[in-house]
Structure formats: structure tokens, C-alpha cells
Amino acid sequence: MPISNHAFGAIEASVYVPEIFAQGLPGPQRQVHDHKPEQAVAEGAAPLLSLEGIGLSFGGVVALADVDLSVRPGEIRAIIGPNGAGKSSLINVISGVYRADHGNVRLNGARYAQVPTQQLARLGVARTFQNLALFKGLNVLDNVASGLAYRSRSNFAGQILGVGRSRREQVEHCGRADQILEFLHLTDVRDRLAGTLSYGLQKRVELARALVAEPRLLLLDEPMAGMTAGEKSEMAAYVRAARDRFATTVVLIEHDVGVVMGLSDRIAVLDYGRKIADGAPDEIRNDQRVIDAYLGVASDNEEGAGI
Ligand SMILES: Nc1ncnc2c1ncn2[C@@H]1O[C@H](COP(=O)(O)OP(=O)(O)OP(=O)(O)O)[C@@H](O)[C@H]1O
């Protein structure tokens, strides 16, 4: 049964699901690229990322229970679910921050578990964070160039003194950072200190830093959190443009279900650590288990149980 506006009419605005399911995503405010996508989702291809039977507990709390997830090359794959469903835990397992208690994570068929961010970057994985993690006292260009630091072959002294190979690397990294800044329409703020930018722009700079290495897999942890509706639409358009331009596979978790519906190729839904649905946006929108999960959140909230 499709979700109607009426069905959610009485739910408080603090519950983030409601009308969004029915309305879908507003269109991007402006076109951020003027070329056709260079890569369609490779439907028949082997998955770029696959999770098999992932389980994770914190003490007695089961954060993830037997979660499978398959991500095709080139797709935008969202993970949604009510508060506490396990989204952050899952992205932390994918990004190597947490080691799952059981199950496998594979990138291009190769297993990995808990790995330092630098090593993950060498595997072609980049991420952004729910809470901004920029160097606020550095300018935008240096922040974005720092996304290439893992490639640096010069030693520490060389980097400090800016000589020889280190100097050449700096020039090359800044050149690449400039290209990304142009692509994401950030050139105007290139020399500004990151901490002086609006929140929405800082989120875009974070995206730029993750993209500068042209990762195979881009993990976005609530990329639109705290943004206005207009900024969210703009960010969604940039994410899509980045996928098209760099053939990057995107996995994101995001609370704004409306944005997710309009942006994603496929959506996995978690509830109490279990995957309860997985499919295209239209399938998810009409899935009774998903509706029940979100209505459960709503009625809990109405009864004052809190979410
Ligand atoms: N570091 C931790 N220590 C203890 N429990 C944790 C920890 N991280 C997550 N949990 C618990 O695991 C469950 C899943 O949490 P998680 O943060 O992954 O959910 P989420 O879907 O990201 O929630 P939200 O939307 O509120 O961010 C919750 O019950 C949470 O309290």
C-alpha cells in the first residue's frame, strides 16, 4: 500500500519520515554539470562492495544482526532507518573503523576488516563524516589537498621544508585540488579559512576533500545533516554529478528520506540492526515493513517514548 500524505498527517514535524515518502525529492536548484553521465550502474557486474552476515554488538546491545549488502559499481546506494537502527555502525564497519564480530566485508572481492583510514584510502575508499572534520584553521585549498596526503612519498622533513620531491608533490596535489574546487563550484572560496565558511559550504568542502583522490568508493555519513532544503537539493546534485564524472560508487546514510528517494539507485532499510528491506526507491516507498518501522517510530514518539 503506498504511503499517503493523509496517513502521516497527524505526525509531529520532529519525526523525520512523514510526507517526504509521498512527496519525493525536490529537483536540484541548479545543474552542476553539463555532460551526460559517463557511467551507468553496472547492473550485471560483480559487486564493488559486499557485506555478508555482518554482526556487531556493544556489550548487550545488538547494533547489527546478520546484515548483507551488495553495492554495484557506479551506483548510489543509501542506507536508511529510524534512530538507533544501526546505520552509523554499518558505515563504520564498511569504513574499517569497527571490526564486525562476525561476517565479511569485501571490496572487489578482497576481504578487509578494521583498517586505518590511510590504508583504506590506498584501497580507493574515501569518506565524509557526520560531524564536520575539516581543518578549520587551514584554507579550503589545503583542506582539499589533504585528501591526497596518503599518497605522499616524501618524508616528514621534506614536507616541512617544502623541498625537492615534497615541493613537486605539493604543486601536483594543489593542482588536483583546484580541479575539484572548480567542479564543485568552490573556487571563489579557495583561499578562505574553512572554519569561516557557512555550514553548507563546509559540507561541500568535505565532499571535495573526499573526492580529490577520485575514490572507487565514496562513503557519505549524513552529507545533508543540518542543511536547509535548498542546500540539500544542491548537495544531492553534486553527489550525483560526482558519481557521473568520476564513476565513483557512493554509499550514504542520510536521515532525510525525501533526499534519499530522489538521489539513490537502491536503498537498504535497517531497523533494530536488521535489514528489513532492500530495493529501488519505489519498492521501498511501498514496502509495508518499512512503513511499519517508521510508523512505529512515530507512534513511539507520540506516546512520549522518544526516539
Ligand atoms: N559505541 C557504542 N557503544 C554502545 N552502543 C552503541 C555504540 N554505537 C552504537 N551503539 C548502539 O547500537 C545501536 C545502533 O546505533 P547506531 O548509531 O549504529 O544507529 P543509527 O541508525 O546510526 O542511529 P542514529 O540515526 O540515531 O544515528 C543503538 O542501540 C546504539 O545505542
# chains A, B, ... in the order shown; residues from 1 in each chain; ligands from 1
>>> closest_atom_pairs(of="segment 209-238 of chain A", to="segment 173-183 of chain A", cutoff="9 Å", atoms="only C-alpha atoms", output="JSON lines")
{"residue": "A:Arg209", "atom": "CA", "partner": "A:Ala177", "partner_atom": "CA", "distance": 7.9}
{"residue": "A:Leu211", "atom": "CA", "partner": "A:Ile180", "partner_atom": "CA", "distance": 7.4}
{"residue": "A:Val212", "atom": "CA", "partner": "A:Ala177", "partner_atom": "CA", "distance": 6.1}
{"residue": "A:Ala213", "atom": "CA", "partner": "A:Arg176", "partner_atom": "CA", "distance": 8.5}
{"residue": "A:Tyr238", "atom": "CA", "partner": "A:Phe183", "partner_atom": "CA", "distance": 9.0}
>>> residues_near_ligand(ligand="ligand 1", cutoff="7 Å", atoms="only C-alpha atoms and all ligand atoms", output="ChimeraX atom specification")
/A:58,61-63,81-90,255,273
>>> closest_residue(among="A:Glu234, A:Asp142, A:Asp256, A:Asp244", to="Gly200 of chain A", atoms="only C-alpha atoms")
A:Glu234
>>> residues_around(residues="Leu120 of chain A", least_positions_apart="4", cutoff="10 Å", atoms="only C-alpha atoms", output="PyMOL selection string")
chain A and resi 94-97+112+114-116+124-127+150
>>> write_last_selection(atoms="N, CA and C atoms", output="PDB file, in the first residue's frame")
ATOM      1  N   ILE A  94      31.976  -0.611   7.289  1.00  0.00           N
ATOM      2  CA  ILE A  94      32.425  -0.502   5.891  1.00  0.00           C
ATOM      3  C   ILE A  94      33.714   0.314   5.803  1.00  0.00           C
ATOM      4  N   SER A  95      33.806   1.364   6.624  1.00  0.00           N
ATOM      5  CA  SER A  95      34.986   2.228   6.520  1.00  0.00           C
ATOM      6  C   SER A  95      36.135   1.745   7.385  1.00  0.00           C
ATOM      7  N   GLY A  96      35.975   0.565   7.981  1.00  0.00           N
ATOM      8  CA  GLY A  96      37.094  -0.041   8.700  1.00  0.00           C
ATOM      9  C   GLY A  96      37.331   0.531  10.084  1.00  0.00           C
ATOM     10  N   VAL A  97      36.409   1.369  10.560  1.00  0.00           N
ATOM     11  CA  VAL A  97      36.559   1.920  11.910  1.00  0.00           C
ATOM     12  C   VAL A  97      36.221   0.846  12.942  1.00  0.00           C
ATOM     13  N   TYR A 112      38.475  -7.287   3.928  1.00  0.00           N
ATOM     14  CA  TYR A 112      39.212  -6.439   4.846  1.00  0.00           C
ATOM     15  C   TYR A 112      38.371  -6.279   6.108  1.00  0.00           C
ATOM     16  N   GLN A 114      39.079  -4.176  10.214  1.00  0.00           N
ATOM     17  CA  GLN A 114      39.413  -2.870  10.778  1.00  0.00           C
ATOM     18  C   GLN A 114      40.720  -2.383  10.143  1.00  0.00           C
ATOM     19  N   VAL A 115      40.688  -1.244   9.487  1.00  0.00           N
ATOM     20  CA  VAL A 115      41.909  -0.727   8.853  1.00  0.00           C
ATOM     21  C   VAL A 115      42.025   0.767   9.109  1.00  0.00           C
ATOM     22  N   PRO A 116      43.257   1.275   9.229  1.00  0.00           N
ATOM     23  CA  PRO A 116      43.422   2.718   9.396  1.00  0.00           C
ATOM     24  C   PRO A 116      42.923   3.452   8.147  1.00  0.00           C
ATOM     25  N   GLY A 124      41.257   2.795  -2.221  1.00  0.00           N
ATOM     26  CA  GLY A 124      40.338   3.554  -3.071  1.00  0.00           C
ATOM     27  C   GLY A 124      39.031   3.889  -2.387  1.00  0.00           C
ATOM     28  N   VAL A 125      39.056   3.990  -1.056  1.00  0.00           N
ATOM     29  CA  VAL A 125      37.838   4.328  -0.316  1.00  0.00           C
ATOM     30  C   VAL A 125      38.049   5.668   0.393  1.00  0.00           C
ATOM     31  N   ALA A 126      37.095   6.574   0.237  1.00  0.00           N
ATOM     32  CA  ALA A 126      37.152   7.861   0.947  1.00  0.00           C
ATOM     33  C   ALA A 126      35.822   8.073   1.652  1.00  0.00           C
ATOM     34  N   ARG A 127      35.845   8.864   2.705  1.00  0.00           N
ATOM     35  CA  ARG A 127      34.593   9.093   3.417  1.00  0.00           C
ATOM     36  C   ARG A 127      34.473  10.534   3.899  1.00  0.00           C
ATOM     37  N   TYR A 150      47.764  10.810   1.778  1.00  0.00           N
ATOM     38  CA  TYR A 150      48.144   9.390   1.898  1.00  0.00           C
ATOM     39  C   TYR A 150      49.065   8.952   0.755  1.00  0.00           C
TER      40      TYR A 150
END
>>> residues_around(residues="segment 226-229 of chain A", least_positions_apart="6", cutoff="10 Å", atoms="only C-alpha atoms", output="list in words")
Leu25, Pro26, Gln130, Asn131, Tyr199, Gly200, Leu201, Lys203, Met235, Asp256 and Val259 of chain A
>>> write_last_selection(atoms="C-alpha atoms", output="tab-separated table (two decimals), in the first residue's frame")
chain	number	residue	atom	x	y	z
A	25	LEU	CA	12.84	14.97	-3.62
A	26	PRO	CA	12.63	18.50	-4.96
A	130	GLN	CA	28.56	13.19	10.16
A	131	ASN	CA	30.20	15.97	12.15
A	199	TYR	CA	27.92	25.08	7.31
A	200	GLY	CA	26.59	24.06	3.90
A	201	LEU	CA	29.81	25.16	2.18
A	203	LYS	CA	30.00	20.14	3.97
A	235	MET	CA	24.32	18.72	-2.32
A	256	ASP	CA	16.23	12.88	5.11
A	259	VAL	CA	16.50	13.35	-0.40
>>> closest_residue(among="A:Leu132, A:Met224, A:Ala210, A:Ile267", to="Ala237 of chain A", atoms="only C-alpha atoms")
A:Met224
>>> atom_distance(atom1="atom CA of Glu283 of chain A", atom2="atom CA of Ser264 of chain A")
12.3 Å
>>> closest_residue(among="A:Thr248, A:Asn143, A:Thr117, A:Gln170", to="Leu193 of chain A", atoms="only C-alpha atoms")
A:Asn143
>>> select_by_dssp(residues="segment 79-182 of chain A", states="alpha helix (DSSP H)", output="PDB file with N, CA and C atoms, in the first residue's frame")
ATOM      1  N   LYS A  87      22.656   2.354  11.328  1.00  0.00           N
ATOM      2  CA  LYS A  87      23.248   2.954  10.124  1.00  0.00           C
ATOM      3  C   LYS A  87      24.709   3.349  10.345  1.00  0.00           C
ATOM      4  N   SER A  88      24.949   4.087  11.433  1.00  0.00           N
ATOM      5  CA  SER A  88      26.329   4.534  11.698  1.00  0.00           C
ATOM      6  C   SER A  88      27.240   3.343  11.942  1.00  0.00           C
ATOM      7  N   SER A  89      26.717   2.352  12.655  1.00  0.00           N
ATOM      8  CA  SER A  89      27.530   1.164  12.912  1.00  0.00           C
ATOM      9  C   SER A  89      27.926   0.513  11.584  1.00  0.00           C
ATOM     10  N   LEU A  90      26.975   0.461  10.658  1.00  0.00           N
ATOM     11  CA  LEU A  90      27.270  -0.200   9.385  1.00  0.00           C
ATOM     12  C   LEU A  90      28.308   0.579   8.587  1.00  0.00           C
ATOM     13  N   ILE A  91      28.182   1.897   8.555  1.00  0.00           N
ATOM     14  CA  ILE A  91      29.151   2.676   7.772  1.00  0.00           C
ATOM     15  C   ILE A  91      30.523   2.621   8.438  1.00  0.00           C
ATOM     16  N   ASN A  92      30.534   2.485   9.762  1.00  0.00           N
ATOM     17  CA  ASN A  92      31.824   2.343  10.450  1.00  0.00           C
ATOM     18  C   ASN A  92      32.459   0.978  10.200  1.00  0.00           C
ATOM     19  N   VAL A  93      31.646  -0.028   9.995  1.00  0.00           N
ATOM     20  CA  VAL A  93      32.197  -1.333   9.609  1.00  0.00           C
ATOM     21  C   VAL A  93      32.747  -1.248   8.175  1.00  0.00           C
ATOM     22  N   ILE A  94      31.976  -0.611   7.289  1.00  0.00           N
ATOM     23  CA  ILE A  94      32.425  -0.502   5.891  1.00  0.00           C
ATOM     24  C   ILE A  94      33.714   0.314   5.803  1.00  0.00           C
ATOM     25  N   THR A 117      42.460   4.685   8.341  1.00  0.00           N
ATOM     26  CA  THR A 117      41.902   5.457   7.231  1.00  0.00           C
ATOM     27  C   THR A 117      42.873   5.576   6.062  1.00  0.00           C
ATOM     28  N   GLN A 118      44.166   5.777   6.384  1.00  0.00           N
ATOM     29  CA  GLN A 118      45.156   5.934   5.315  1.00  0.00           C
ATOM     30  C   GLN A 118      45.217   4.685   4.435  1.00  0.00           C
ATOM     31  N   GLN A 119      45.122   3.519   5.113  1.00  0.00           N
ATOM     32  CA  GLN A 119      45.194   2.279   4.346  1.00  0.00           C
ATOM     33  C   GLN A 119      43.940   2.101   3.497  1.00  0.00           C
ATOM     34  N   LEU A 120      42.819   2.513   4.062  1.00  0.00           N
ATOM     35  CA  LEU A 120      41.572   2.433   3.316  1.00  0.00           C
ATOM     36  C   LEU A 120      41.645   3.328   2.071  1.00  0.00           C
ATOM     37  N   ALA A 121      42.255   4.488   2.243  1.00  0.00           N
ATOM     38  CA  ALA A 121      42.404   5.408   1.120  1.00  0.00           C
ATOM     39  C   ALA A 121      43.211   4.736   0.002  1.00  0.00           C
ATOM     40  N   ARG A 122      44.216   3.969   0.393  1.00  0.00           N
ATOM     41  CA  ARG A 122      45.018   3.279  -0.633  1.00  0.00           C
ATOM     42  C   ARG A 122      44.202   2.221  -1.364  1.00  0.00           C
ATOM     43  N   VAL A 140      40.711  26.494   2.326  1.00  0.00           N
ATOM     44  CA  VAL A 140      39.932  25.456   1.636  1.00  0.00           C
ATOM     45  C   VAL A 140      40.837  24.616   0.735  1.00  0.00           C
ATOM     46  N   LEU A 141      41.731  25.275   0.012  1.00  0.00           N
ATOM     47  CA  LEU A 141      42.613  24.537  -0.907  1.00  0.00           C
ATOM     48  C   LEU A 141      43.438  23.489  -0.149  1.00  0.00           C
ATOM     49  N   ASP A 142      44.026  23.904   0.971  1.00  0.00           N
ATOM     50  CA  ASP A 142      44.869  22.962   1.733  1.00  0.00           C
ATOM     51  C   ASP A 142      44.043  21.827   2.322  1.00  0.00           C
ATOM     52  N   ASN A 143      42.818  22.159   2.752  1.00  0.00           N
ATOM     53  CA  ASN A 143      41.942  21.103   3.254  1.00  0.00           C
ATOM     54  C   ASN A 143      41.689  20.059   2.177  1.00  0.00           C
ATOM     55  N   VAL A 144      41.381  20.528   0.982  1.00  0.00           N
ATOM     56  CA  VAL A 144      41.061  19.586  -0.097  1.00  0.00           C
ATOM     57  C   VAL A 144      42.314  18.801  -0.496  1.00  0.00           C
ATOM     58  N   ALA A 145      43.447  19.504  -0.584  1.00  0.00           N
ATOM     59  CA  ALA A 145      44.699  18.821  -0.941  1.00  0.00           C
ATOM     60  C   ALA A 145      45.084  17.759   0.096  1.00  0.00           C
ATOM     61  N   PHE A 156      58.911  13.391   6.307  1.00  0.00           N
ATOM     62  CA  PHE A 156      58.356  14.462   7.125  1.00  0.00           C
ATOM     63  C   PHE A 156      59.168  15.756   6.992  1.00  0.00           C
ATOM     64  N   ALA A 157      60.517  15.618   7.055  1.00  0.00           N
ATOM     65  CA  ALA A 157      61.368  16.811   6.970  1.00  0.00           C
ATOM     66  C   ALA A 157      61.161  17.514   5.626  1.00  0.00           C
ATOM     67  N   GLY A 158      61.045  16.720   4.582  1.00  0.00           N
ATOM     68  CA  GLY A 158      60.838  17.297   3.250  1.00  0.00           C
ATOM     69  C   GLY A 158      59.538  18.066   3.167  1.00  0.00           C
ATOM     70  N   GLN A 159      58.512  17.499   3.811  1.00  0.00           N
ATOM     71  CA  GLN A 159      57.212  18.173   3.771  1.00  0.00           C
ATOM     72  C   GLN A 159      57.268  19.507   4.504  1.00  0.00           C
ATOM     73  N   ILE A 160      57.980  19.522   5.649  1.00  0.00           N
ATOM     74  CA  ILE A 160      58.093  20.759   6.425  1.00  0.00           C
ATOM     75  C   ILE A 160      58.875  21.806   5.638  1.00  0.00           C
ATOM     76  N   LEU A 161      59.978  21.390   5.045  1.00  0.00           N
ATOM     77  CA  LEU A 161      60.854  22.343   4.362  1.00  0.00           C
ATOM     78  C   LEU A 161      60.352  22.684   2.959  1.00  0.00           C
ATOM     79  N   GLY A 164      62.465  19.750  -2.906  1.00  0.00           N
ATOM     80  CA  GLY A 164      62.599  18.557  -3.739  1.00  0.00           C
ATOM     81  C   GLY A 164      61.284  17.919  -4.106  1.00  0.00           C
ATOM     82  N   ARG A 165      61.231  16.599  -3.883  1.00  0.00           N
ATOM     83  CA  ARG A 165      60.047  15.829  -4.252  1.00  0.00           C
ATOM     84  C   ARG A 165      58.806  16.358  -3.538  1.00  0.00           C
ATOM     85  N   SER A 166      59.014  16.779  -2.273  1.00  0.00           N
ATOM     86  CA  SER A 166      57.900  17.274  -1.497  1.00  0.00           C
ATOM     87  C   SER A 166      57.260  18.489  -2.175  1.00  0.00           C
ATOM     88  N   ARG A 167      58.099  19.375  -2.679  1.00  0.00           N
ATOM     89  CA  ARG A 167      57.599  20.591  -3.339  1.00  0.00           C
ATOM     90  C   ARG A 167      56.797  20.209  -4.600  1.00  0.00           C
ATOM     91  N   ARG A 168      57.343  19.269  -5.352  1.00  0.00           N
ATOM     92  CA  ARG A 168      56.642  18.828  -6.573  1.00  0.00           C
ATOM     93  C   ARG A 168      55.295  18.197  -6.222  1.00  0.00           C
ATOM     94  N   GLU A 169      55.287  17.411  -5.136  1.00  0.00           N
ATOM     95  CA  GLU A 169      54.025  16.781  -4.710  1.00  0.00           C
ATOM     96  C   GLU A 169      53.002  17.843  -4.318  1.00  0.00           C
ATOM     97  N   GLN A 170      53.485  18.840  -3.590  1.00  0.00           N
ATOM     98  CA  GLN A 170      52.571  19.907  -3.159  1.00  0.00           C
ATOM     99  C   GLN A 170      51.918  20.574  -4.360  1.00  0.00           C
ATOM    100  N   VAL A 171      52.731  20.871  -5.363  1.00  0.00           N
ATOM    101  CA  VAL A 171      52.212  21.554  -6.553  1.00  0.00           C
ATOM    102  C   VAL A 171      51.186  20.665  -7.255  1.00  0.00           C
ATOM    103  N   GLU A 172      51.526  19.385  -7.359  1.00  0.00           N
ATOM    104  CA  GLU A 172      50.615  18.443  -8.029  1.00  0.00           C
ATOM    105  C   GLU A 172      49.307  18.296  -7.240  1.00  0.00           C
ATOM    106  N   HIS A 173      49.419  18.158  -5.933  1.00  0.00           N
ATOM    107  CA  HIS A 173      48.215  17.984  -5.118  1.00  0.00           C
ATOM    108  C   HIS A 173      47.334  19.233  -5.161  1.00  0.00           C
ATOM    109  N   CYS A 174      47.960  20.400  -5.128  1.00  0.00           N
ATOM    110  CA  CYS A 174      47.175  21.644  -5.190  1.00  0.00           C
ATOM    111  C   CYS A 174      46.489  21.770  -6.550  1.00  0.00           C
ATOM    112  N   GLY A 175      47.176  21.332  -7.588  1.00  0.00           N
ATOM    113  CA  GLY A 175      46.579  21.375  -8.930  1.00  0.00           C
ATOM    114  C   GLY A 175      45.328  20.509  -8.990  1.00  0.00           C
ATOM    115  N   ARG A 176      45.415  19.328  -8.423  1.00  0.00           N
ATOM    116  CA  ARG A 176      44.247  18.430  -8.429  1.00  0.00           C
ATOM    117  C   ARG A 176      43.138  19.001  -7.553  1.00  0.00           C
ATOM    118  N   ALA A 177      43.551  19.569  -6.430  1.00  0.00           N
ATOM    119  CA  ALA A 177      42.542  20.169  -5.536  1.00  0.00           C
ATOM    120  C   ALA A 177      41.824  21.309  -6.249  1.00  0.00           C
ATOM    121  N   ASP A 178      42.565  22.093  -7.002  1.00  0.00           N
ATOM    122  CA  ASP A 178      41.935  23.193  -7.735  1.00  0.00           C
ATOM    123  C   ASP A 178      40.894  22.685  -8.734  1.00  0.00           C
ATOM    124  N   GLN A 179      41.209  21.552  -9.373  1.00  0.00           N
ATOM    125  CA  GLN A 179      40.245  20.993 -10.334  1.00  0.00           C
ATOM    126  C   GLN A 179      38.943  20.589  -9.643  1.00  0.00           C
ATOM    127  N   ILE A 180      39.083  19.985  -8.468  1.00  0.00           N
ATOM    128  CA  ILE A 180      37.880  19.560  -7.734  1.00  0.00           C
ATOM    129  C   ILE A 180      37.101  20.780  -7.250  1.00  0.00           C
ATOM    130  N   LEU A 181      37.849  21.800  -6.803  1.00  0.00           N
ATOM    131  CA  LEU A 181      37.170  23.015  -6.336  1.00  0.00           C
ATOM    132  C   LEU A 181      36.350  23.624  -7.477  1.00  0.00           C
ATOM    133  N   GLU A 182      36.905  23.607  -8.653  1.00  0.00           N
ATOM    134  CA  GLU A 182      36.184  24.158  -9.802  1.00  0.00           C
ATOM    135  C   GLU A 182      34.935  23.315 -10.076  1.00  0.00           C
TER     136      GLU A 182
END
>>> atom_distance(atom1="atom CA of Glu206 of chain A", atom2="atom CA of Ala225 of chain A")
12.8 Å
>>> closest_residue(among="A:Arg204, A:Arg77, A:Arg216, A:Arg190", to="Leu123 of chain A", atoms="only C-alpha atoms")
A:Arg216
>>> closest_residue(among="A:Arg274, A:Leu197, A:Gly59, A:Leu184", to="Ala241 of chain A", atoms="only C-alpha atoms")
A:Leu184
